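Source file query-v7.cif; content: mmCIF, C-alpha atoms.
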data_coords
#
loop_
_atom_site.label_atom_id
_atom_site.label_comp_id
_atom_site.auth_asym_id
_atom_site.auth_seq_id
_atom_site.Cartn_x
_atom_site.Cartn_y
_atom_site.Cartn_z
CA MET R 25 88.02 -224.61 136.74
CA ALA R 26 90.43 -227.24 135.54
CA ASP R 27 91.15 -227.81 131.89
CA SER R 28 89.20 -230.78 130.57
CA ALA R 29 92.51 -232.51 129.89
CA THR R 30 93.50 -232.36 133.55
CA PRO R 31 94.59 -235.79 134.77
CA ASP R 32 92.55 -237.22 137.62
CA THR R 33 95.47 -237.15 139.96
CA ALA R 34 95.97 -233.42 139.61
CA VAL R 35 93.63 -231.43 141.81
CA PRO R 36 93.23 -227.86 140.61
CA ASP R 37 94.17 -225.34 143.25
CA THR R 38 91.65 -222.84 142.06
CA THR R 39 89.44 -222.65 145.11
CA ALA R 40 88.64 -218.99 145.28
CA SER R 41 90.22 -216.90 147.97
CA ASP R 42 87.91 -214.10 149.05
CA THR R 43 90.79 -212.04 150.33
CA THR R 44 91.65 -209.39 147.79
CA THR R 45 95.24 -209.46 146.68
CA VAL R 46 96.39 -206.00 145.68
CA LEU R 47 98.86 -206.36 142.87
CA ALA R 48 99.67 -204.58 139.67
CA PRO R 49 97.72 -206.35 136.93
CA HIS R 50 100.84 -207.58 135.21
CA THR R 51 103.99 -207.56 137.25
CA ALA R 52 107.40 -208.07 135.76
CA ALA R 53 108.95 -211.50 135.76
CA SER R 54 111.51 -209.96 138.11
CA ALA R 55 108.89 -210.24 140.85
CA ILE R 56 109.30 -214.02 140.65
CA THR R 57 111.84 -216.10 142.55
CA ILE R 58 112.23 -219.83 142.01
CA TYR R 59 113.87 -221.69 144.89
CA VAL R 60 115.23 -225.02 143.69
CA CYS R 61 116.13 -227.61 146.32
CA VAL R 62 119.75 -228.56 145.70
CA THR R 63 119.71 -231.39 148.23
CA CYS R 64 116.84 -233.32 146.58
CA ARG R 65 117.73 -236.71 145.14
CA GLY R 66 114.27 -237.82 144.03
CA GLY R 67 114.81 -241.41 145.14
CA ARG R 68 118.11 -241.69 143.28
CA PRO R 69 121.28 -243.12 144.89
CA LEU R 70 122.82 -241.07 147.68
CA ASP R 71 126.24 -241.13 146.02
CA LEU R 72 125.00 -239.89 142.66
CA VAL R 73 127.09 -236.93 141.48
CA PRO R 74 126.01 -234.35 140.54
CA VAL R 75 123.09 -234.33 142.95
CA PRO R 76 119.88 -234.38 140.86
CA GLY R 77 118.62 -231.26 142.65
CA GLU R 78 121.79 -229.45 141.59
CA VAL R 79 121.16 -230.49 138.00
CA LEU R 80 117.64 -229.07 138.17
CA ALA R 81 118.90 -225.84 139.75
CA THR R 82 121.53 -225.36 137.05
CA ALA R 83 119.08 -226.13 134.25
CA THR R 84 116.51 -223.75 135.73
CA ALA R 85 119.03 -220.93 136.07
CA ARG R 86 120.00 -221.46 132.44
CA ALA R 87 116.36 -221.49 131.30
CA ALA R 88 115.76 -218.26 133.23
CA GLU R 89 118.52 -216.33 131.49
CA GLY R 90 117.21 -213.09 130.04
CA THR R 91 113.78 -213.43 131.63
CA GLY R 92 114.34 -211.43 134.81
CA ILE R 93 113.23 -214.42 136.91
CA ALA R 94 115.53 -215.09 139.88
CA VAL R 95 116.61 -218.67 140.56
CA ARG R 96 118.02 -219.41 144.01
CA PRO R 97 119.34 -222.61 145.54
CA ILE R 98 117.69 -223.77 148.74
CA ARG R 99 118.68 -226.56 151.07
CA CYS R 100 115.48 -228.50 151.66
CA LEU R 101 111.84 -227.64 151.13
CA ALA R 102 110.86 -230.60 153.36
CA ASN R 103 109.24 -232.27 150.38
CA CYS R 104 111.83 -235.07 150.43
CA ASN R 105 109.43 -237.93 149.65
CA ARG R 106 108.30 -236.17 146.49
CA GLY R 107 111.55 -234.63 145.17
CA LEU R 108 112.91 -233.11 143.02
CA SER R 109 111.35 -229.97 144.46
CA ALA R 110 111.08 -226.30 143.79
CA ALA R 111 109.09 -223.36 145.16
CA VAL R 112 107.89 -220.52 142.95
CA ARG R 113 107.16 -217.27 144.73
CA ARG R 114 105.75 -214.03 143.45
CA GLU R 115 106.51 -210.91 145.47
CA GLY R 116 103.50 -210.00 147.61
CA ALA R 117 101.61 -213.08 146.45
CA TRP R 118 101.56 -216.84 146.96
CA THR R 119 104.33 -219.42 147.01
CA TYR R 120 103.78 -222.72 145.18
CA VAL R 121 105.69 -225.89 145.99
CA PHE R 122 106.12 -228.49 143.28
CA GLY R 123 107.51 -232.01 143.49
CA ASN R 124 108.37 -235.00 141.33
CA LEU R 125 110.15 -232.71 138.90
CA ASP R 126 112.40 -234.09 136.21
CA PRO R 127 116.05 -232.89 136.51
CA LEU R 128 116.02 -231.39 133.02
CA GLY R 129 112.42 -231.15 131.78
CA GLY R 130 111.39 -229.60 135.09
CA ALA R 131 113.42 -226.48 134.38
CA ASP R 132 111.41 -225.42 131.34
CA ALA R 133 108.15 -226.17 133.16
CA LEU R 134 109.20 -223.99 136.10
CA ILE R 135 110.08 -221.04 133.86
CA GLU R 136 106.90 -221.40 131.81
CA GLY R 137 104.80 -221.54 134.99
CA ALA R 138 106.68 -218.59 136.47
CA LYS R 139 105.94 -216.41 133.45
CA LEU R 140 102.28 -217.35 133.61
CA PHE R 141 102.26 -216.52 137.33
CA ALA R 142 103.91 -213.12 136.74
CA GLY R 143 101.10 -212.10 134.41
CA ALA R 144 98.19 -213.16 136.61
CA PRO R 145 96.18 -210.19 137.87
CA ASP R 146 94.91 -212.03 140.96
CA GLY R 147 98.32 -213.13 142.20
CA LEU R 148 97.52 -216.84 141.73
CA MET R 149 99.27 -219.14 139.28
CA PRO R 150 96.66 -219.91 136.62
CA TRP R 151 95.66 -223.56 136.20
CA ARG R 152 94.77 -223.17 132.57
CA GLY R 153 97.93 -223.14 130.51
CA ARG R 154 100.08 -224.31 133.40
CA PRO R 155 102.64 -226.94 132.30
CA ASP R 156 101.52 -230.48 133.08
CA ALA R 157 104.54 -231.04 135.35
CA LEU R 158 103.26 -228.20 137.56
CA LYS R 159 99.74 -229.64 137.63
CA ARG R 160 100.71 -233.21 138.44
CA GLY R 161 103.55 -232.05 140.67
CA LEU R 162 101.60 -229.54 142.75
CA VAL R 163 102.34 -230.15 146.42
CA ALA R 164 101.06 -227.10 148.29
CA ARG R 165 100.85 -223.34 148.26
CA THR R 166 101.42 -220.87 151.06
CA PRO R 167 99.89 -217.40 151.27
CA PRO R 168 101.53 -213.96 151.07
CA PHE R 169 103.49 -213.16 154.22
CA ASP R 170 100.91 -210.69 155.53
CA PHE R 171 97.86 -212.77 154.58
CA ALA R 172 95.05 -212.02 157.01
CA GLY R 173 93.01 -215.13 156.26
CA ASP R 174 89.83 -215.77 154.31
CA CYS R 175 86.31 -215.38 155.59
CA ARG R 176 84.61 -218.63 156.56
CA MET U 148 118.80 -235.62 163.63
CA ALA U 149 115.54 -237.45 163.96
CA ASP U 150 114.38 -238.92 167.21
CA SER U 151 115.02 -242.65 167.31
CA ALA U 152 111.27 -243.19 167.54
CA THR U 153 110.70 -241.44 164.22
CA PRO U 154 108.64 -243.62 161.89
CA ASP U 155 110.31 -244.54 158.60
CA THR U 156 107.77 -242.61 156.60
CA ALA U 157 108.59 -239.32 158.28
CA VAL U 158 111.61 -237.63 156.76
CA PRO U 159 113.13 -235.08 159.12
CA ASP U 160 113.30 -231.63 157.58
CA THR U 161 116.44 -230.74 159.43
CA THR U 162 118.78 -230.28 156.49
CA ALA U 163 120.83 -227.31 157.57
CA SER U 164 120.25 -224.00 155.91
CA ASP U 165 123.45 -221.99 155.73
CA THR U 166 121.55 -218.75 155.49
CA THR U 167 121.48 -217.04 158.84
CA THR U 168 118.03 -216.25 160.11
CA VAL U 169 118.12 -213.22 162.37
CA LEU U 170 115.49 -213.67 165.01
CA ALA U 171 115.14 -213.00 168.67
CA PRO U 172 116.12 -216.21 170.47
CA HIS U 173 112.65 -216.77 171.84
CA THR U 174 109.86 -214.92 170.13
CA ALA U 175 106.40 -214.70 171.55
CA ALA U 176 103.75 -217.13 170.43
CA SER U 177 102.06 -214.06 168.97
CA ALA U 178 104.59 -214.25 166.13
CA ILE U 179 102.87 -217.46 165.01
CA THR U 180 99.91 -217.71 162.67
CA ILE U 181 98.21 -221.00 161.86
CA TYR U 182 96.22 -221.03 158.64
CA VAL U 183 93.71 -223.87 158.66
CA CYS U 184 92.15 -224.89 155.35
CA VAL U 185 88.40 -224.67 155.83
CA THR U 186 87.62 -226.26 152.45
CA CYS U 187 89.53 -229.51 153.12
CA ARG U 188 87.42 -232.67 153.32
CA GLY U 189 90.21 -235.20 153.73
CA GLY U 190 88.54 -237.74 151.45
CA ARG U 191 85.23 -237.50 153.30
CA PRO U 192 81.88 -237.06 151.51
CA LEU U 193 81.31 -233.77 149.74
CA ASP U 194 77.99 -233.23 151.49
CA LEU U 195 79.34 -233.79 155.00
CA VAL U 196 78.36 -230.92 157.28
CA PRO U 197 80.17 -229.37 158.99
CA VAL U 198 83.09 -229.51 156.56
CA PRO U 199 85.95 -231.39 158.28
CA GLY U 200 88.32 -228.49 157.63
CA GLU U 201 85.91 -226.21 159.47
CA VAL U 202 85.90 -228.60 162.41
CA LEU U 203 89.70 -228.53 162.53
CA ALA U 204 89.74 -224.72 162.28
CA THR U 205 87.27 -224.35 165.14
CA ALA U 206 89.11 -226.86 167.32
CA THR U 207 92.45 -225.17 166.60
CA ALA U 208 91.08 -221.72 167.47
CA ARG U 209 89.76 -223.14 170.73
CA ALA U 210 93.07 -224.82 171.54
CA ALA U 211 94.88 -221.54 170.84
CA GLU U 212 92.85 -219.54 173.35
CA GLY U 213 95.10 -217.68 175.76
CA THR U 214 98.30 -218.61 173.93
CA GLY U 215 98.68 -215.54 171.70
CA ILE U 216 98.81 -217.77 168.62
CA ALA U 217 96.63 -216.50 165.76
CA VAL U 218 94.43 -219.00 163.93
CA ARG U 219 93.07 -217.92 160.54
CA PRO U 220 90.82 -219.70 158.05
CA ILE U 221 92.18 -220.14 154.55
CA ARG U 222 90.44 -221.40 151.44
CA CYS U 223 92.80 -223.98 150.01
CA LEU U 224 96.47 -224.69 150.58
CA ALA U 225 96.52 -226.80 147.38
CA ASN U 226 97.25 -229.87 149.45
CA CYS U 227 93.88 -231.38 148.58
CA ASN U 228 95.07 -234.99 148.14
CA ARG U 229 96.54 -234.95 151.64
CA GLY U 230 93.93 -232.98 153.63
CA LEU U 231 93.04 -231.94 156.26
CA SER U 232 95.68 -229.25 155.92
CA ALA U 233 97.17 -226.38 157.85
CA ALA U 234 100.14 -224.06 157.49
CA VAL U 235 102.10 -222.78 160.47
CA ARG U 236 104.03 -219.57 159.91
CA ARG U 237 106.38 -217.70 162.18
CA GLU U 238 106.89 -214.03 161.44
CA GLY U 239 110.17 -213.51 159.58
CA ALA U 240 110.78 -217.24 159.44
CA TRP U 241 109.56 -220.34 157.62
CA THR U 242 106.08 -221.61 156.85
CA TYR U 243 105.33 -225.32 157.33
CA VAL U 244 102.50 -227.13 155.58
CA PHE U 245 101.01 -230.20 157.22
CA GLY U 246 98.51 -232.70 155.85
CA ASN U 247 96.53 -235.76 156.86
CA LEU U 248 95.49 -234.02 160.06
CA ASP U 249 92.73 -235.39 162.22
CA PRO U 250 89.76 -232.99 162.61
CA LEU U 251 90.06 -232.94 166.40
CA GLY U 252 93.44 -234.41 167.41
CA GLY U 253 95.15 -232.24 164.80
CA ALA U 254 94.29 -229.09 166.71
CA ASP U 255 96.34 -229.94 169.79
CA ALA U 256 99.24 -231.06 167.61
CA LEU U 257 99.21 -227.77 165.71
CA ILE U 258 99.26 -225.69 168.90
CA GLU U 259 101.98 -227.84 170.49
CA GLY U 260 104.10 -227.55 167.33
CA ALA U 261 103.47 -223.82 167.11
CA LYS U 262 104.71 -223.26 170.67
CA LEU U 263 107.83 -225.29 169.93
CA PHE U 264 108.39 -223.26 166.76
CA ALA U 265 107.99 -219.94 168.63
CA GLY U 266 110.81 -220.86 170.97
CA ALA U 267 113.32 -222.01 168.36
CA PRO U 268 116.32 -219.67 168.11
CA ASP U 269 117.06 -220.61 164.48
CA GLY U 270 113.56 -219.95 163.16
CA LEU U 271 113.00 -223.60 162.24
CA MET U 272 110.40 -225.86 163.82
CA PRO U 273 112.39 -228.38 165.86
CA TRP U 274 112.03 -232.03 164.90
CA ARG U 275 112.76 -233.28 168.37
CA GLY U 276 109.68 -232.92 170.50
CA ARG U 277 107.46 -232.16 167.53
CA PRO U 278 104.09 -233.95 167.79
CA ASP U 279 103.96 -237.14 165.71
CA ALA U 280 101.09 -235.78 163.61
CA LEU U 281 103.41 -232.96 162.48
CA LYS U 282 106.21 -235.41 161.67
CA ARG U 283 104.11 -237.88 159.71
CA GLY U 284 102.00 -235.10 158.21
CA LEU U 285 104.84 -232.86 157.06
CA VAL U 286 104.19 -231.84 153.46
CA ALA U 287 106.56 -228.95 152.70
CA ARG U 288 108.06 -225.77 154.06
CA THR U 289 108.57 -222.43 152.35
CA PRO U 290 111.21 -219.88 153.31
CA PRO U 291 110.86 -216.40 154.81
CA PHE U 292 109.51 -213.90 152.29
CA ASP U 293 112.86 -212.19 151.77
CA PHE U 294 114.93 -215.39 151.72
CA ALA U 295 117.99 -214.85 149.53
CA GLY U 296 118.75 -218.52 148.99
CA ASP U 297 121.39 -220.88 150.37
CA CYS U 298 124.90 -221.30 149.08
CA ARG U 299 125.43 -224.38 146.91
#

Target format structure tokens, applied to this file:
Amino acid sequence: MADSATPDTAVPDTTASDTTTVLAPHTAASAITIYVCVTCRGGRPLDLVPVPGEVLATATARAAEGTGIAVRPIRCLANCNRGLSAAVRREGAWTYVFGNLDPLGGADALIEGAKLFAGAPDGLMPWRGRPDALKRGLVARTPPFDFAGDCR
Amino acid sequence: MADSATPDTAVPDTTASDTTTVLAPHTAASAITIYVCVTCRGGRPLDLVPVPGEVLATATARAAEGTGIAVRPIRCLANCNRGLSAAVRREGAWTYVFGNLDPLGGADALIEGAKLFAGAPDGLMPWRGRPDALKRGLVARTPPFDFAGDCR
């Protein structure tokens, strides 16, 4: 369930999946990859240099130092109307796409959320304790690559 | 580039990725899985039965008959503010999340888009020829599970 402080606009993504995810209870942060869109401009001018997505990618890589979390640039997550964007993936688990990220503040939120995700025994990024930017900015999630589907 | 008929609200997701995707030029439709969110209500009443997401899932499964495309139910793609939702994945390639789908018309669009995707040599769902519902309804895409990132 959502924290009581959850803003109305943030819909918790905690609908249960009845498909068992087989994961070690607490995987290392090295199982996490954050893809930061380096082409995102977040509504800012097209000639702005550096590109805001690049700023977020650099800040995220810096915030990840020493954590084991991988940060990779990506050219477009197709979330262009809601940039800046990043996707957080855990090996063998789900991928979360976030939007409306701040070029600098977004970096710390991504790393905090990634650490929380790494420690989740069910392979889902917990809602409780998740940074506000990753609640408000939640765009979508996609299942593990071999996901067989849930029962109806 | 976008078709000239592309509505202003649809942002083409054709930013080039410089990471080579190694795929057979034309994979079978059986390489495609469509995950339809069966918990989505798309802003409709909570007590509406059947659940609109279920209607879309059933219609999509019916439209997929004989194509080789797999249709699987999924319980939440975390795209709740923009439902009805579905994700279209091609084996070894990208996953596309779509929202604001119509319970019945969305099914044909998903199958048409999936066939287009199956035939794309670069592993990306082509913009040209893509059904309008999958242009307007594009929410995000996530990379192949072993995606190493693009160069900056």

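If you look at CA of Leu248 in chain U and CA of Trp118 in chain R, they are 22.4 Å away from each other.
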
Exercise. Evaluating the PyMOL selection byres ((chain U) within 8 of (chain R)) on the displayed file yields which residues, as an MDAnalysis selection string?
Worked result: chainID U and resid 158:160 162:164 182 185 219:228 234 242 244 285:289 292 295:299

For this session: Skip Ile258 in chain U itself and residues of its chain fewer than 4 positions away, then list as a VMD selection string all residues within 9 Å of it, counting all atoms listed in the file.
Result: chain U and resid 181 207 210 to 211 214 216 253 to 254 262 to 263

Mind writing the picked residues with C-alpha atoms as a tab-separated table (two decimals), in the coordinates of the input?
chain	number	residue	atom	x	y	z
U	181	ILE	CA	98.21	-221.00	161.86
U	207	THR	CA	92.45	-225.17	166.60
U	210	ALA	CA	93.07	-224.82	171.54
U	211	ALA	CA	94.88	-221.54	170.84
U	214	THR	CA	98.30	-218.61	173.93
U	216	ILE	CA	98.81	-217.77	168.62
U	253	GLY	CA	95.15	-232.24	164.80
U	254	ALA	CA	94.29	-229.09	166.71
U	262	LYS	CA	104.71	-223.26	170.67
U	263	LEU	CA	107.83	-225.29	169.93

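CA of Ala178 in chain U is found 20.1 Å from CA of Thr205 in chain U.
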
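Evaluated on this file, the PyMOL selection byres ((chain U and resi 275-277) around 8) matches Ala149, Asp150, Glu259, Gly260, Leu263, Met272, Pro273, Trp274, Pro278, Asp279, Leu281 and Lys282 of chain U.
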
Would you write out those residues with C-alpha atoms, as a tab-separated table (two decimals), keeping the file's coordinate frame?
chain	number	residue	atom	x	y	z
U	149	ALA	CA	115.54	-237.45	163.96
U	150	ASP	CA	114.38	-238.92	167.21
U	259	GLU	CA	101.98	-227.84	170.49
U	260	GLY	CA	104.10	-227.55	167.33
U	263	LEU	CA	107.83	-225.29	169.93
U	272	MET	CA	110.40	-225.86	163.82
U	273	PRO	CA	112.39	-228.38	165.86
U	274	TRP	CA	112.03	-232.03	164.90
U	278	PRO	CA	104.09	-233.95	167.79
U	279	ASP	CA	103.96	-237.14	165.71
U	281	LEU	CA	103.41	-232.96	162.48
U	282	LYS	CA	106.21	-235.41	161.67

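If you look at CA of Gly161 in chain R and CA of Ala138 in chain R, they are 14.4 Å away from each other.
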
For this session: Choose the residue, out of R:Val75, R:Ala85, R:Ala144, R:Ile56, that has the smallest atom-to-atom separation from Leu108 in chain R; count only C-alpha atoms.
Result: R:Val75

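Counting all atoms listed in the file, the residue from R:Leu72, R:Cys64, R:Val79, R:Ser54 that sits nearest to Leu128 in chain R is R:Val79.
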
Provide range 220-231 of chain U rebuilt to all heavy atoms, formatted as a PDB file, keeping the file's coordinate frame.
ATOM      1  N   PRO U 220      91.321-218.797 159.102  1.00  0.00           N
ATOM      2  CA  PRO U 220      90.820-219.700 158.050  1.00  0.00           C
ATOM      3  C   PRO U 220      91.451-219.349 156.707  1.00  0.00           C
ATOM      4  O   PRO U 220      91.761-218.189 156.443  1.00  0.00           O
ATOM      5  CB  PRO U 220      89.317-219.404 158.037  1.00  0.00           C
ATOM      6  CG  PRO U 220      89.175-218.026 158.576  1.00  0.00           C
ATOM      7  CD  PRO U 220      90.333-217.778 159.507  1.00  0.00           C
ATOM      8  N   ILE U 221      91.656-220.367 155.896  1.00  0.00           N
ATOM      9  CA  ILE U 221      92.180-220.140 154.550  1.00  0.00           C
ATOM     10  C   ILE U 221      91.440-221.087 153.620  1.00  0.00           C
ATOM     11  O   ILE U 221      91.072-222.205 154.013  1.00  0.00           O
ATOM     12  CB  ILE U 221      93.719-220.334 154.512  1.00  0.00           C
ATOM     13  CG1 ILE U 221      94.329-219.785 153.225  1.00  0.00           C
ATOM     14  CG2 ILE U 221      94.131-221.789 154.725  1.00  0.00           C
ATOM     15  CD1 ILE U 221      95.851-219.620 153.287  1.00  0.00           C
ATOM     16  N   ARG U 222      91.198-220.610 152.412  1.00  0.00           N
ATOM     17  CA  ARG U 222      90.440-221.400 151.440  1.00  0.00           C
ATOM     18  C   ARG U 222      91.398-222.032 150.456  1.00  0.00           C
ATOM     19  O   ARG U 222      91.615-221.503 149.382  1.00  0.00           O
ATOM     20  CB  ARG U 222      89.397-220.523 150.741  1.00  0.00           C
ATOM     21  CG  ARG U 222      88.396-219.922 151.745  1.00  0.00           C
ATOM     22  CD  ARG U 222      87.392-219.017 151.065  1.00  0.00           C
ATOM     23  NE  ARG U 222      86.501-219.757 150.206  1.00  0.00           N
ATOM     24  CZ  ARG U 222      85.433-220.424 150.635  1.00  0.00           C
ATOM     25  NH1 ARG U 222      85.126-220.427 151.910  1.00  0.00           N
ATOM     26  NH2 ARG U 222      84.687-221.085 149.791  1.00  0.00           N
ATOM     27  N   CYS U 223      91.965-223.130 150.863  1.00  0.00           N
ATOM     28  CA  CYS U 223      92.800-223.980 150.010  1.00  0.00           C
ATOM     29  C   CYS U 223      94.294-223.681 150.120  1.00  0.00           C
ATOM     30  O   CYS U 223      94.763-222.600 149.789  1.00  0.00           O
ATOM     31  CB  CYS U 223      92.383-223.945 148.549  1.00  0.00           C
ATOM     32  SG  CYS U 223      93.052-225.357 147.636  1.00  0.00           S
ATOM     33  N   LEU U 224      95.010-224.693 150.572  1.00  0.00           N
ATOM     34  CA  LEU U 224      96.470-224.690 150.580  1.00  0.00           C
ATOM     35  C   LEU U 224      97.014-225.575 149.452  1.00  0.00           C
ATOM     36  O   LEU U 224      98.208-225.870 149.400  1.00  0.00           O
ATOM     37  CB  LEU U 224      97.003-225.175 151.929  1.00  0.00           C
ATOM     38  CG  LEU U 224      96.774-224.212 153.100  1.00  0.00           C
ATOM     39  CD1 LEU U 224      96.910-224.940 154.426  1.00  0.00           C
ATOM     40  CD2 LEU U 224      97.765-223.048 153.037  1.00  0.00           C
ATOM     41  N   ALA U 225      96.122-225.985 148.551  1.00  0.00           N
ATOM     42  CA  ALA U 225      96.520-226.800 147.380  1.00  0.00           C
ATOM     43  C   ALA U 225      97.170-228.120 147.790  1.00  0.00           C
ATOM     44  O   ALA U 225      98.007-228.654 147.079  1.00  0.00           O
ATOM     45  CB  ALA U 225      97.423-226.012 146.440  1.00  0.00           C
ATOM     46  N   ASN U 226      96.748-228.599 148.937  1.00  0.00           N
ATOM     47  CA  ASN U 226      97.250-229.870 149.450  1.00  0.00           C
ATOM     48  C   ASN U 226      96.088-230.868 149.517  1.00  0.00           C
ATOM     49  O   ASN U 226      96.003-231.719 150.400  1.00  0.00           O
ATOM     50  CB  ASN U 226      97.866-229.631 150.843  1.00  0.00           C
ATOM     51  CG  ASN U 226      98.442-230.884 151.455  1.00  0.00           C
ATOM     52  OD1 ASN U 226      99.157-231.637 150.802  1.00  0.00           O
ATOM     53  ND2 ASN U 226      98.107-231.135 152.726  1.00  0.00           N
ATOM     54  N   CYS U 227      95.202-230.736 148.539  1.00  0.00           N
ATOM     55  CA  CYS U 227      93.880-231.380 148.580  1.00  0.00           C
ATOM     56  C   CYS U 227      93.956-232.909 148.683  1.00  0.00           C
ATOM     57  O   CYS U 227      93.083-233.526 149.291  1.00  0.00           O
ATOM     58  CB  CYS U 227      93.086-230.966 147.358  1.00  0.00           C
ATOM     59  SG  CYS U 227      93.145-229.186 147.028  1.00  0.00           S
ATOM     60  N   ASN U 228      94.962-233.524 148.084  1.00  0.00           N
ATOM     61  CA  ASN U 228      95.070-234.990 148.140  1.00  0.00           C
ATOM     62  C   ASN U 228      95.540-235.487 149.503  1.00  0.00           C
ATOM     63  O   ASN U 228      95.542-236.694 149.748  1.00  0.00           O
ATOM     64  CB  ASN U 228      96.069-235.499 147.075  1.00  0.00           C
ATOM     65  CG  ASN U 228      95.484-235.426 145.680  1.00  0.00           C
ATOM     66  OD1 ASN U 228      94.283-235.548 145.501  1.00  0.00           O
ATOM     67  ND2 ASN U 228      96.342-235.218 144.683  1.00  0.00           N
ATOM     68  N   ARG U 229      95.976-234.566 150.345  1.00  0.00           N
ATOM     69  CA  ARG U 229      96.540-234.950 151.640  1.00  0.00           C
ATOM     70  C   ARG U 229      95.863-234.197 152.785  1.00  0.00           C
ATOM     71  O   ARG U 229      96.457-233.991 153.830  1.00  0.00           O
ATOM     72  CB  ARG U 229      98.053-234.703 151.654  1.00  0.00           C
ATOM     73  CG  ARG U 229      98.874-235.619 150.767  1.00  0.00           C
ATOM     74  CD  ARG U 229     100.320-235.165 150.647  1.00  0.00           C
ATOM     75  NE  ARG U 229     100.415-233.916 149.899  1.00  0.00           N
ATOM     76  CZ  ARG U 229     100.593-233.834 148.575  1.00  0.00           C
ATOM     77  NH1 ARG U 229     100.743-234.922 147.874  1.00  0.00           N
ATOM     78  NH2 ARG U 229     100.627-232.668 147.965  1.00  0.00           N
ATOM     79  N   GLY U 230      94.622-233.713 152.564  1.00  0.00           N
ATOM     80  CA  GLY U 230      93.930-232.980 153.630  1.00  0.00           C
ATOM     81  C   GLY U 230      93.522-233.902 154.762  1.00  0.00           C
ATOM     82  O   GLY U 230      93.538-235.112 154.581  1.00  0.00           O
ATOM     83  N   LEU U 231      93.190-233.342 155.909  1.00  0.00           N
ATOM     84  CA  LEU U 231      93.040-231.940 156.260  1.00  0.00           C
ATOM     85  C   LEU U 231      94.410-231.267 156.356  1.00  0.00           C
ATOM     86  O   LEU U 231      95.384-231.889 156.776  1.00  0.00           O
ATOM     87  CB  LEU U 231      92.322-231.796 157.598  1.00  0.00           C
ATOM     88  CG  LEU U 231      91.018-232.607 157.728  1.00  0.00           C
ATOM     89  CD1 LEU U 231      90.388-232.404 159.067  1.00  0.00           C
ATOM     90  CD2 LEU U 231      90.025-232.292 156.618  1.00  0.00           C
TER      91      LEU U 231
END
